[in-house]
There are 2 protein chains.
Amino acid sequence: MPTAPFFRRIDVAPAYQKVADAIEREIVNGRIKPGEPIGTEQELVQQFGVNRSTVREGIRVLEEGGLIQRDSSRRLHACLPRYNKLATRLSRALVLHEVTFRELFEASMTLEAASIQGAVERATDANVAELADNLERSEKVVADPAALAELDAEFHVLIAKASQNRVLQLAREPAAQLFFPTTEMIVGRIAEGGARLVEAHRHLLDAIKRRDKEAGALWTRRHLQDWRRGFEKIASLDRSVEHMYMEHAHAARRR
Amino acid sequence: MPTAPFFRRIDVAPAYQKVADAIEREIVNGRIKPGEPIGTEQELVQQFGVNRSTVREGIRVLEEGGLIQRDSSRRLHACLPRYNKLATRLSRALVLHEVTFRELFEASMTLEAASIQGAVERATDANVAELADNLERSEKVVADPAALAELDAEFHVLIAKASQNRVLQLAREPAAQLFFPTTEMIVGRIAEGGARLVEAHRHLLDAIKRRDKEAGALWTRRHLQDWRRGFEKIASLDRSVEHMYMEHAHAARRR
DNA sequence: ACCAATTTGTCCGTATGTATG
DNA sequence: TCATACATACGGACAAATTGG
């Protein structure tokens, strides 16, 4: 006959993991707020009673997760995980899983459409001003594929921002990071590609200003269909996302 | 007059970061394939010419990023980042940003609808079988909110899988991790809540079997509207996602 | 602008437990 | 069973950078 269960399961985990978990708990529970200092490594050594190397391993884990950061003087602070830093990890995962452009296109179609709908409903004057500024700059570089592609990506980030929906903002980012680098290739090779792109942006901004959902949906479809047609002139939609896109993400992360 | 630029920028980064970057490059570029060994810590010490503590810090970074793993014997292997591990980090970010249930609901509405559409178009027999199995188990626990909520979450994961779109699968996961835990609260407090949920699942599966897009869209809307009405009886949609959900995510990650 | 104290990045050596052959 | 290899963790050390007078 088994004895009564006197003991609770023992939580066995490496020391560095426990350090990371303990700090994470304090941040997620709100006892340490974003921006507040965590303390020096030496202080953590004393509080946890482990070696400094162990503390440092725990710190690396949290840094990578975006929960803590070092400021200019390398002091540790809690911080709000930045979407695009996490999105970069997700993009990398999508590349490694060898997703196809067809998957990317379908998902982006949905996510961008939702962003536009949100923007049409809830964009503020400040959002409209940002978009107008972007459009103005875009019109000046219609003939420069690289610059235009960069502004196109920014335009769609601004639209997601204008939707006031941070979940959407986050959800669209990984696909967008992989999706938009192709824009440069496409507008560079398709006649009138740049002009059509800017025209679509103009109509989208107009739809947002007039709070016209129909027009927003229509021009989102046209805009993405343009991309699709352009892409299919270059490669098959069933090609998997190439490793070259990671160079973009990698270079961007360094800044 | 400035001299000609003889020198390239010096890449100044901590040694542990360079170690992590070097290994990451090899994996992302495909020179080390998922499943292949990275080598022992001692080997890395010799190859990079740095101290073991430094190597270990770099390894923690990559482990947290999901790019490498230790097997049962603690040997290092490259691996494909698991979606739900990354999604957990994103969910955590959403909590810290204090997103509202309204944002969560709007985004999920879009993402689940897209998943269903994809499933209706492309679900395989195996997908249908998995969904049918889930439905069968759900029917047995209609009166058990906790069990039913778990199966509900699984049902929607299976639908996303059936869409054959991994980008969508990934994009919906963070919101879903926060969204579905509320299901338990809702079906527990609303009369007929469990029955309505299972009925919706039945119609969704039926729509997928018949490849009926209209029915799929209709029942997705009804299913989520049910959730929304139920939620609004408990709390305001404008309440921010509470820290309590992190307990779910945290507990799940431990397994 | 200088100095003393603190802190980080890195390294060396070692002890212990565990997995593999 | 035993030996070997390896991961985890520890203590101590030093130079460079940063801080705060």
# chains A, B, ... in the order shown; residues from 1 in each chain; ligands from 1
>>> closest_atom_pairs(of="chain B", to="chain C", cutoff="8 Å", atoms="only C-alpha atoms (C1' of nucleotides)", output="CSV")
residue,atom,partner,partner_atom,distance
B:Pro14,CA,C:DG9,C1',7.5
B:Asn51,CA,C:DC11,C1',6.0
B:Thr54,CA,C:DT10,C1',7.3
B:Ser73,CA,C:DA19,C1',6.1
>>> write_last_selection(atoms="N, CA and C atoms", output="mmCIF file, in the first residue's frame")
data_model
loop_
_atom_site.group_PDB
_atom_site.id
_atom_site.type_symbol
_atom_site.label_atom_id
_atom_site.label_comp_id
_atom_site.auth_asym_id
_atom_site.auth_seq_id
_atom_site.Cartn_x
_atom_site.Cartn_y
_atom_site.Cartn_z
ATOM 1 N N PRO B 14 29.810 42.361 -28.342
ATOM 2 C CA PRO B 14 30.313 41.452 -27.315
ATOM 3 C C PRO B 14 30.634 40.094 -27.921
ATOM 4 N N ASN B 51 36.363 31.954 -24.184
ATOM 5 C CA ASN B 51 36.191 31.166 -22.975
ATOM 6 C C ASN B 51 34.857 30.427 -22.976
ATOM 7 N N THR B 54 31.780 32.420 -22.123
ATOM 8 C CA THR B 54 31.338 33.229 -23.262
ATOM 9 C C THR B 54 30.515 32.379 -24.228
ATOM 10 N N SER B 73 20.576 13.794 -24.065
ATOM 11 C CA SER B 73 21.905 13.697 -23.461
ATOM 12 C C SER B 73 22.601 15.061 -23.445
#
>>> select_by_dssp(residues="region 43-253 of chain B", states="strand (DSSP E or B)", output="VMD selection string")
chain B and resid 68 to 70 76 to 78 100 240
>>> write_last_selection(atoms="C-alpha atoms", output="PDB file, in the first residue's frame")
ATOM      1  CA  ILE B  68      19.119  25.229 -31.024  1.00  0.00           C
ATOM      2  CA  GLN B  69      18.100  22.651 -28.468  1.00  0.00           C
ATOM      3  CA  ARG B  70      19.716  20.138 -26.239  1.00  0.00           C
ATOM      4  CA  LEU B  76      23.461  20.620 -28.897  1.00  0.00           C
ATOM      5  CA  HIS B  77      21.407  20.372 -32.074  1.00  0.00           C
ATOM      6  CA  ALA B  78      20.036  22.860 -34.538  1.00  0.00           C
ATOM      7  CA  THR B 100      -7.788  45.082 -24.696  1.00  0.00           C
ATOM      8  CA  SER B 240      -7.061  45.034 -20.807  1.00  0.00           C
TER       9      SER B 240
END
>>> calpha_fit_and_write(fixed="chain A", moving="chain B", output="mmCIF file with C-alpha atoms, in the first residue's frame")
data_model
loop_
_atom_site.group_PDB
_atom_site.id
_atom_site.type_symbol
_atom_site.label_atom_id
_atom_site.label_comp_id
_atom_site.auth_asym_id
_atom_site.auth_seq_id
_atom_site.Cartn_x
_atom_site.Cartn_y
_atom_site.Cartn_z
ATOM 1 C CA MET B 1 -0.351 0.086 -0.548
ATOM 2 C CA PRO B 2 1.213 3.387 -1.571
ATOM 3 C CA THR B 3 1.896 5.937 1.107
ATOM 4 C CA ALA B 4 0.037 9.212 1.166
ATOM 5 C CA PRO B 5 1.627 11.909 -1.016
ATOM 6 C CA PHE B 6 3.537 13.853 1.591
ATOM 7 C CA PHE B 7 5.737 15.659 -0.860
ATOM 8 C CA ARG B 8 5.173 18.117 -3.607
ATOM 9 C CA ARG B 9 6.980 17.737 -6.946
ATOM 10 C CA ILE B 10 10.468 19.107 -6.775
ATOM 11 C CA ASP B 11 11.023 21.839 -9.312
ATOM 12 C CA VAL B 12 14.254 20.783 -10.916
ATOM 13 C CA ALA B 13 15.633 23.318 -13.367
ATOM 14 C CA PRO B 14 19.040 24.769 -14.084
ATOM 15 C CA ALA B 15 19.960 27.650 -11.826
ATOM 16 C CA TYR B 16 20.256 30.135 -14.679
ATOM 17 C CA GLN B 17 16.718 29.227 -15.749
ATOM 18 C CA LYS B 18 15.392 29.808 -12.261
ATOM 19 C CA VAL B 19 17.105 33.176 -12.190
ATOM 20 C CA ALA B 20 15.494 34.124 -15.508
ATOM 21 C CA ASP B 21 12.093 32.855 -14.401
ATOM 22 C CA ALA B 22 12.251 34.720 -11.116
ATOM 23 C CA ILE B 23 13.021 38.037 -12.807
ATOM 24 C CA GLU B 24 10.461 37.385 -15.542
ATOM 25 C CA ARG B 25 7.779 36.753 -12.936
ATOM 26 C CA GLU B 26 8.436 40.056 -11.254
ATOM 27 C CA ILE B 27 8.154 41.904 -14.552
ATOM 28 C CA VAL B 28 5.118 40.094 -15.924
ATOM 29 C CA ASN B 29 3.316 40.426 -12.615
ATOM 30 C CA GLY B 30 3.993 44.139 -12.744
ATOM 31 C CA ARG B 31 6.032 44.336 -9.564
ATOM 32 C CA ILE B 32 8.880 45.631 -11.702
ATOM 33 C CA LYS B 33 7.500 48.093 -14.220
ATOM 34 C CA PRO B 34 8.964 48.784 -17.669
ATOM 35 C CA GLY B 35 11.831 51.228 -17.302
ATOM 36 C CA GLU B 36 12.601 50.327 -13.731
ATOM 37 C CA PRO B 37 16.095 49.055 -12.900
ATOM 38 C CA ILE B 38 16.727 45.376 -12.158
ATOM 39 C CA GLY B 39 19.874 45.932 -10.164
ATOM 40 C CA THR B 40 23.509 45.200 -10.856
ATOM 41 C CA GLU B 41 24.848 41.749 -11.538
ATOM 42 C CA GLN B 42 26.547 41.765 -8.175
ATOM 43 C CA GLU B 43 23.277 42.522 -6.414
ATOM 44 C CA LEU B 44 21.570 39.674 -8.255
ATOM 45 C CA VAL B 45 24.451 37.385 -7.279
ATOM 46 C CA GLN B 46 23.791 38.174 -3.643
ATOM 47 C CA GLN B 47 20.001 38.007 -3.837
ATOM 48 C CA PHE B 48 19.889 34.672 -5.636
ATOM 49 C CA GLY B 49 22.967 33.245 -3.999
ATOM 50 C CA VAL B 50 24.436 31.944 -7.242
ATOM 51 C CA ASN B 51 27.560 32.679 -9.184
ATOM 52 C CA ARG B 52 27.875 35.599 -11.520
ATOM 53 C CA SER B 53 28.291 33.384 -14.561
ATOM 54 C CA THR B 54 24.946 31.844 -13.696
ATOM 55 C CA VAL B 55 23.298 35.236 -13.301
ATOM 56 C CA ARG B 56 24.701 36.342 -16.635
ATOM 57 C CA GLU B 57 23.306 33.319 -18.447
ATOM 58 C CA GLY B 58 19.898 34.113 -17.026
ATOM 59 C CA ILE B 59 20.241 37.733 -18.092
ATOM 60 C CA ARG B 60 21.057 36.743 -21.681
ATOM 61 C CA VAL B 61 17.869 34.727 -21.835
ATOM 62 C CA LEU B 62 15.757 37.676 -20.729
ATOM 63 C CA GLU B 63 17.608 40.110 -22.992
ATOM 64 C CA GLU B 64 16.950 37.897 -26.002
ATOM 65 C CA GLY B 65 13.312 37.634 -24.975
ATOM 66 C CA GLY B 66 13.110 41.426 -24.987
ATOM 67 C CA LEU B 67 12.036 41.648 -21.360
ATOM 68 C CA ILE B 68 15.115 43.485 -20.130
ATOM 69 C CA GLN B 69 17.592 45.818 -21.753
ATOM 70 C CA ARG B 70 20.786 47.536 -20.893
ATOM 71 C CA ASP B 71 20.792 51.320 -21.133
ATOM 72 C CA SER B 72 23.664 53.467 -22.356
ATOM 73 C CA SER B 73 25.596 52.821 -19.181
ATOM 74 C CA ARG B 74 24.837 49.099 -19.374
ATOM 75 C CA ARG B 75 22.588 49.124 -16.364
ATOM 76 C CA LEU B 76 19.758 46.613 -16.486
ATOM 77 C CA HIS B 77 16.183 47.792 -16.930
ATOM 78 C CA ALA B 78 12.879 46.077 -17.468
ATOM 79 C CA CYS B 79 11.294 47.086 -20.756
ATOM 80 C CA LEU B 80 8.322 46.455 -23.030
ATOM 81 C CA PRO B 81 9.209 43.855 -25.659
ATOM 82 C CA ARG B 82 9.365 45.583 -29.027
ATOM 83 C CA TYR B 83 7.062 44.041 -31.609
ATOM 84 C CA ASN B 84 9.422 44.181 -34.518
ATOM 85 C CA LYS B 85 12.248 42.573 -32.598
ATOM 86 C CA LEU B 86 10.030 39.612 -31.794
ATOM 87 C CA ALA B 87 8.630 39.663 -35.315
ATOM 88 C CA THR B 88 12.126 39.260 -36.695
ATOM 89 C CA ARG B 89 12.426 36.001 -34.843
ATOM 90 C CA LEU B 90 9.109 34.866 -36.249
ATOM 91 C CA SER B 91 10.151 35.779 -39.762
ATOM 92 C CA ARG B 92 13.247 33.708 -39.265
ATOM 93 C CA ALA B 93 11.083 30.792 -38.172
ATOM 94 C CA LEU B 94 8.941 31.140 -41.290
ATOM 95 C CA VAL B 95 12.037 31.052 -43.464
ATOM 96 C CA LEU B 96 13.321 27.928 -41.758
ATOM 97 C CA HIS B 97 9.951 26.280 -42.188
ATOM 98 C CA GLU B 98 10.249 27.115 -45.875
ATOM 99 C CA VAL B 99 6.824 28.674 -46.226
ATOM 100 C CA THR B 100 5.748 29.584 -49.747
ATOM 101 C CA PHE B 101 4.919 32.983 -51.155
ATOM 102 C CA ARG B 102 1.401 31.687 -51.695
ATOM 103 C CA GLU B 103 0.983 31.247 -47.952
ATOM 104 C CA LEU B 104 2.564 34.633 -47.359
ATOM 105 C CA PHE B 105 0.282 36.269 -49.874
ATOM 106 C CA GLU B 106 -2.904 34.723 -48.541
ATOM 107 C CA ALA B 107 -2.106 35.641 -44.946
ATOM 108 C CA SER B 108 -1.036 39.174 -45.840
ATOM 109 C CA MET B 109 -4.173 39.694 -47.881
ATOM 110 C CA THR B 110 -6.239 38.966 -44.798
ATOM 111 C CA LEU B 111 -4.119 40.906 -42.360
ATOM 112 C CA GLU B 112 -3.673 44.006 -44.496
ATOM 113 C CA ALA B 113 -7.381 44.077 -45.281
ATOM 114 C CA ALA B 114 -8.179 43.974 -41.571
ATOM 115 C CA SER B 115 -5.649 46.735 -40.876
ATOM 116 C CA ILE B 116 -7.194 48.967 -43.497
ATOM 117 C CA GLN B 117 -10.686 48.345 -42.167
ATOM 118 C CA GLY B 118 -9.503 49.302 -38.709
ATOM 119 C CA ALA B 119 -7.744 52.380 -40.021
ATOM 120 C CA VAL B 120 -10.817 53.500 -41.926
ATOM 121 C CA GLU B 121 -12.856 53.219 -38.762
ATOM 122 C CA ARG B 122 -10.456 54.667 -36.237
ATOM 123 C CA ALA B 123 -7.547 56.593 -37.784
ATOM 124 C CA THR B 124 -6.755 59.817 -35.940
ATOM 125 C CA ASP B 125 -5.713 63.084 -37.537
ATOM 126 C CA ALA B 126 -2.150 62.339 -36.492
ATOM 127 C CA ASN B 127 -2.295 58.974 -38.271
ATOM 128 C CA VAL B 128 -3.618 60.643 -41.424
ATOM 129 C CA ALA B 129 -0.852 63.224 -41.269
ATOM 130 C CA GLU B 130 1.816 60.528 -41.009
ATOM 131 C CA LEU B 131 0.326 58.670 -43.956
ATOM 132 C CA ALA B 132 0.095 61.853 -46.006
ATOM 133 C CA ASP B 133 3.714 62.608 -45.276
ATOM 134 C CA ASN B 134 4.711 59.121 -46.364
ATOM 135 C CA LEU B 135 2.689 59.458 -49.552
ATOM 136 C CA GLU B 136 4.319 62.759 -50.362
ATOM 137 C CA ARG B 137 7.784 61.285 -49.973
ATOM 138 C CA SER B 138 6.765 58.272 -52.057
ATOM 139 C CA GLU B 139 5.649 60.447 -54.943
ATOM 140 C CA LYS B 140 9.144 61.866 -55.141
ATOM 141 C CA VAL B 141 10.826 58.486 -55.544
ATOM 142 C CA VAL B 142 8.436 56.690 -57.878
ATOM 143 C CA ALA B 143 11.344 55.828 -60.119
ATOM 144 C CA ASP B 144 13.615 54.537 -57.348
ATOM 145 C CA PRO B 145 12.573 50.949 -56.517
ATOM 146 C CA ALA B 146 14.667 50.594 -53.372
ATOM 147 C CA ALA B 147 13.480 53.841 -51.797
ATOM 148 C CA LEU B 148 9.903 53.226 -52.857
ATOM 149 C CA ALA B 149 9.892 49.705 -51.421
ATOM 150 C CA GLU B 150 11.083 51.055 -48.094
ATOM 151 C CA LEU B 151 8.353 53.678 -48.047
ATOM 152 C CA ASP B 152 5.774 51.091 -49.053
ATOM 153 C CA ALA B 153 6.683 48.952 -46.043
ATOM 154 C CA GLU B 154 6.457 52.038 -43.839
ATOM 155 C CA PHE B 155 3.077 52.956 -45.307
ATOM 156 C CA HIS B 156 1.604 49.636 -44.300
ATOM 157 C CA VAL B 157 3.121 49.827 -40.836
ATOM 158 C CA LEU B 158 1.484 53.226 -40.434
ATOM 159 C CA ILE B 159 -1.841 51.810 -41.562
ATOM 160 C CA ALA B 160 -1.612 49.053 -38.990
ATOM 161 C CA LYS B 161 -0.789 51.682 -36.395
ATOM 162 C CA ALA B 162 -3.810 53.707 -37.509
ATOM 163 C CA SER B 163 -6.030 50.687 -36.906
ATOM 164 C CA GLN B 164 -5.346 51.245 -33.194
ATOM 165 C CA ASN B 165 -5.236 47.480 -32.861
ATOM 166 C CA ARG B 166 -1.959 46.316 -31.419
ATOM 167 C CA VAL B 167 -2.785 42.653 -31.838
ATOM 168 C CA LEU B 168 -3.253 43.183 -35.539
ATOM 169 C CA GLN B 169 -0.134 45.307 -35.634
ATOM 170 C CA LEU B 170 1.831 42.452 -34.155
ATOM 171 C CA ALA B 171 0.175 39.687 -36.159
ATOM 172 C CA ARG B 172 0.884 41.267 -39.528
ATOM 173 C CA GLU B 173 4.523 42.092 -38.856
ATOM 174 C CA PRO B 174 6.217 38.716 -39.426
ATOM 175 C CA ALA B 175 4.537 38.173 -42.769
ATOM 176 C CA ALA B 176 5.132 41.789 -43.760
ATOM 177 C CA GLN B 177 8.849 41.535 -43.036
ATOM 178 C CA LEU B 178 9.088 38.751 -45.583
ATOM 179 C CA PHE B 179 6.473 40.054 -47.955
ATOM 180 C CA PHE B 180 7.578 43.587 -48.590
ATOM 181 C CA PRO B 181 11.206 43.071 -49.555
ATOM 182 C CA THR B 182 9.907 41.588 -52.790
ATOM 183 C CA THR B 183 8.308 44.920 -53.606
ATOM 184 C CA GLU B 184 11.651 46.285 -54.678
ATOM 185 C CA MET B 185 12.141 43.475 -57.182
ATOM 186 C CA ILE B 186 8.657 43.892 -58.536
ATOM 187 C CA VAL B 187 8.406 47.638 -59.019
ATOM 188 C CA GLY B 188 11.880 47.544 -60.491
ATOM 189 C CA ARG B 189 10.923 45.140 -63.221
ATOM 190 C CA ILE B 190 7.336 46.023 -64.030
ATOM 191 C CA ALA B 191 6.623 49.042 -66.195
ATOM 192 C CA GLU B 192 4.477 51.540 -64.313
ATOM 193 C CA GLY B 193 4.885 49.399 -61.181
ATOM 194 C CA GLY B 194 5.915 52.376 -59.034
ATOM 195 C CA ALA B 195 3.143 54.582 -60.352
ATOM 196 C CA ARG B 196 0.499 51.949 -59.688
ATOM 197 C CA LEU B 197 1.789 51.458 -56.158
ATOM 198 C CA VAL B 198 1.654 55.134 -55.324
ATOM 199 C CA GLU B 199 -1.782 55.437 -56.899
ATOM 200 C CA ALA B 200 -3.054 52.620 -54.688
ATOM 201 C CA HIS B 201 -1.604 54.302 -51.614
ATOM 202 C CA ARG B 202 -3.298 57.552 -52.603
ATOM 203 C CA HIS B 203 -6.670 55.868 -52.874
ATOM 204 C CA LEU B 204 -6.143 54.023 -49.582
ATOM 205 C CA LEU B 205 -5.338 57.245 -47.769
ATOM 206 C CA ASP B 206 -8.340 58.866 -49.408
ATOM 207 C CA ALA B 207 -10.576 56.021 -48.258
ATOM 208 C CA ILE B 208 -9.289 56.450 -44.712
ATOM 209 C CA LYS B 209 -9.920 60.200 -44.787
ATOM 210 C CA ARG B 210 -13.477 59.704 -46.032
ATOM 211 C CA ARG B 211 -13.994 56.697 -43.749
ATOM 212 C CA ASP B 212 -15.115 54.758 -46.804
ATOM 213 C CA LYS B 213 -14.859 51.051 -45.983
ATOM 214 C CA GLU B 214 -15.844 49.914 -49.474
ATOM 215 C CA ALA B 215 -13.116 51.933 -51.124
ATOM 216 C CA GLY B 216 -10.617 50.748 -48.540
ATOM 217 C CA ALA B 217 -11.400 47.103 -49.230
ATOM 218 C CA LEU B 218 -11.402 47.634 -52.980
ATOM 219 C CA TRP B 219 -8.008 49.288 -53.124
ATOM 220 C CA THR B 220 -6.456 46.824 -50.711
ATOM 221 C CA ARG B 221 -7.467 44.044 -53.078
ATOM 222 C CA ARG B 222 -6.164 45.900 -56.112
ATOM 223 C CA HIS B 223 -2.929 46.815 -54.373
ATOM 224 C CA LEU B 224 -2.192 43.238 -53.377
ATOM 225 C CA GLN B 225 -3.355 41.795 -56.677
ATOM 226 C CA ASP B 226 -0.879 44.117 -58.362
ATOM 227 C CA TRP B 227 1.815 42.669 -56.161
ATOM 228 C CA ARG B 228 0.690 39.153 -56.979
ATOM 229 C CA ARG B 229 0.637 39.694 -60.735
ATOM 230 C CA GLY B 230 4.020 41.356 -60.557
ATOM 231 C CA PHE B 231 5.462 38.559 -58.481
ATOM 232 C CA GLU B 232 4.181 35.877 -60.808
ATOM 233 C CA LYS B 233 6.065 37.485 -63.679
ATOM 234 C CA ILE B 234 9.246 36.933 -61.709
ATOM 235 C CA ALA B 235 8.712 33.624 -59.939
ATOM 236 C CA SER B 236 6.171 31.030 -58.925
ATOM 237 C CA LEU B 237 4.023 31.683 -55.880
ATOM 238 C CA ASP B 238 4.818 28.155 -54.772
ATOM 239 C CA ARG B 239 8.473 28.926 -54.358
ATOM 240 C CA SER B 240 9.511 28.886 -50.748
ATOM 241 C CA VAL B 241 10.726 32.059 -49.128
ATOM 242 C CA GLU B 242 14.426 32.266 -49.835
ATOM 243 C CA HIS B 243 17.196 32.681 -47.362
ATOM 244 C CA MET B 244 18.112 35.959 -48.954
ATOM 245 C CA TYR B 245 15.343 37.680 -47.050
ATOM 246 C CA MET B 246 17.091 36.935 -43.843
ATOM 247 C CA GLU B 247 19.812 39.280 -44.966
ATOM 248 C CA HIS B 248 17.249 42.070 -44.850
ATOM 249 C CA ALA B 249 16.039 41.116 -41.408
ATOM 250 C CA HIS B 250 19.550 40.604 -40.174
ATOM 251 C CA ALA B 251 20.812 43.925 -41.410
ATOM 252 C CA ALA B 252 17.782 45.704 -39.998
ATOM 253 C CA ARG B 253 18.252 44.209 -36.565
ATOM 254 C CA ARG B 254 21.809 45.460 -36.363
ATOM 255 C CA ARG B 255 20.707 49.080 -36.524
#
>>> interface_residues(of="chain D", to="chain B", cutoff="10 Å", atoms="only C-alpha atoms (C1' of nucleotides)", output="PyMOL selection string")
chain D and resi 5-7
>>> write_last_selection(atoms="C-alpha atoms (C1' of nucleotides)", output="mmCIF file, in the first residue's frame")
data_model
loop_
_atom_site.group_PDB
_atom_site.id
_atom_site.type_symbol
_atom_site.label_atom_id
_atom_site.label_comp_id
_atom_site.auth_asym_id
_atom_site.auth_seq_id
_atom_site.Cartn_x
_atom_site.Cartn_y
_atom_site.Cartn_z
ATOM 1 C "C1'" DA D 5 33.388 12.875 -21.880
ATOM 2 C "C1'" DC D 6 30.471 16.440 -21.038
ATOM 3 C "C1'" DA D 7 27.295 19.916 -18.884
#
>>> select_by_dssp(residues="region 46-127 of chain B", states="alpha helix (DSSP H)", output="PyMOL selection string")
chain B and resi 46-48+52-64+83-96+101-122+125-127
>>> decode(residues="region 176-211 of chain B", atoms="C-alpha atoms", output="PDB file, in the first residue's frame")
ATOM      1  CA  ALA B 176      -5.468  32.606 -29.610  1.00  0.00           C
ATOM      2  CA  GLN B 177      -3.320  31.890 -26.565  1.00  0.00           C
ATOM      3  CA  LEU B 178      -4.865  34.886 -24.851  1.00  0.00           C
ATOM      4  CA  PHE B 179      -8.296  34.579 -26.368  1.00  0.00           C
ATOM      5  CA  PHE B 180      -9.240  31.019 -25.637  1.00  0.00           C
ATOM      6  CA  PRO B 181      -8.575  30.821 -21.911  1.00  0.00           C
ATOM      7  CA  THR B 182     -11.630  33.019 -21.472  1.00  0.00           C
ATOM      8  CA  THR B 183     -13.739  30.300 -23.046  1.00  0.00           C
ATOM      9  CA  GLU B 184     -13.710  28.374 -19.809  1.00  0.00           C
ATOM     10  CA  MET B 185     -15.114  31.331 -17.886  1.00  0.00           C
ATOM     11  CA  ILE B 186     -17.771  31.929 -20.481  1.00  0.00           C
ATOM     12  CA  VAL B 187     -19.155  28.453 -21.056  1.00  0.00           C
ATOM     13  CA  GLY B 188     -19.098  27.959 -17.314  1.00  0.00           C
ATOM     14  CA  ARG B 189     -21.359  30.891 -16.648  1.00  0.00           C
ATOM     15  CA  ILE B 190     -23.676  30.984 -19.635  1.00  0.00           C
ATOM     16  CA  ALA B 191     -26.574  28.559 -19.798  1.00  0.00           C
ATOM     17  CA  GLU B 192     -26.297  26.374 -22.886  1.00  0.00           C
ATOM     18  CA  GLY B 193     -22.854  27.884 -23.538  1.00  0.00           C
ATOM     19  CA  GLY B 194     -21.217  24.469 -23.976  1.00  0.00           C
ATOM     20  CA  ALA B 195     -23.974  23.176 -26.216  1.00  0.00           C
ATOM     21  CA  ARG B 196     -23.806  26.221 -28.467  1.00  0.00           C
ATOM     22  CA  LEU B 197     -20.042  25.881 -28.747  1.00  0.00           C
ATOM     23  CA  VAL B 198     -20.189  22.253 -29.770  1.00  0.00           C
ATOM     24  CA  GLU B 199     -22.998  22.982 -32.209  1.00  0.00           C
ATOM     25  CA  ALA B 200     -20.875  25.662 -33.868  1.00  0.00           C
ATOM     26  CA  HIS B 201     -17.951  23.261 -34.135  1.00  0.00           C
ATOM     27  CA  ARG B 202     -20.234  20.668 -35.708  1.00  0.00           C
ATOM     28  CA  HIS B 203     -21.401  23.104 -38.351  1.00  0.00           C
ATOM     29  CA  LEU B 204     -17.837  24.277 -39.009  1.00  0.00           C
ATOM     30  CA  LEU B 205     -16.640  20.727 -39.542  1.00  0.00           C
ATOM     31  CA  ASP B 206     -19.639  20.097 -41.764  1.00  0.00           C
ATOM     32  CA  ALA B 207     -18.832  23.180 -43.826  1.00  0.00           C
ATOM     33  CA  ILE B 208     -15.263  21.955 -44.252  1.00  0.00           C
ATOM     34  CA  LYS B 209     -16.432  18.502 -45.341  1.00  0.00           C
ATOM     35  CA  ARG B 210     -18.811  19.979 -47.911  1.00  0.00           C
ATOM     36  CA  ARG B 211     -16.288  22.658 -48.898  1.00  0.00           C
TER      37      ARG B 211
END
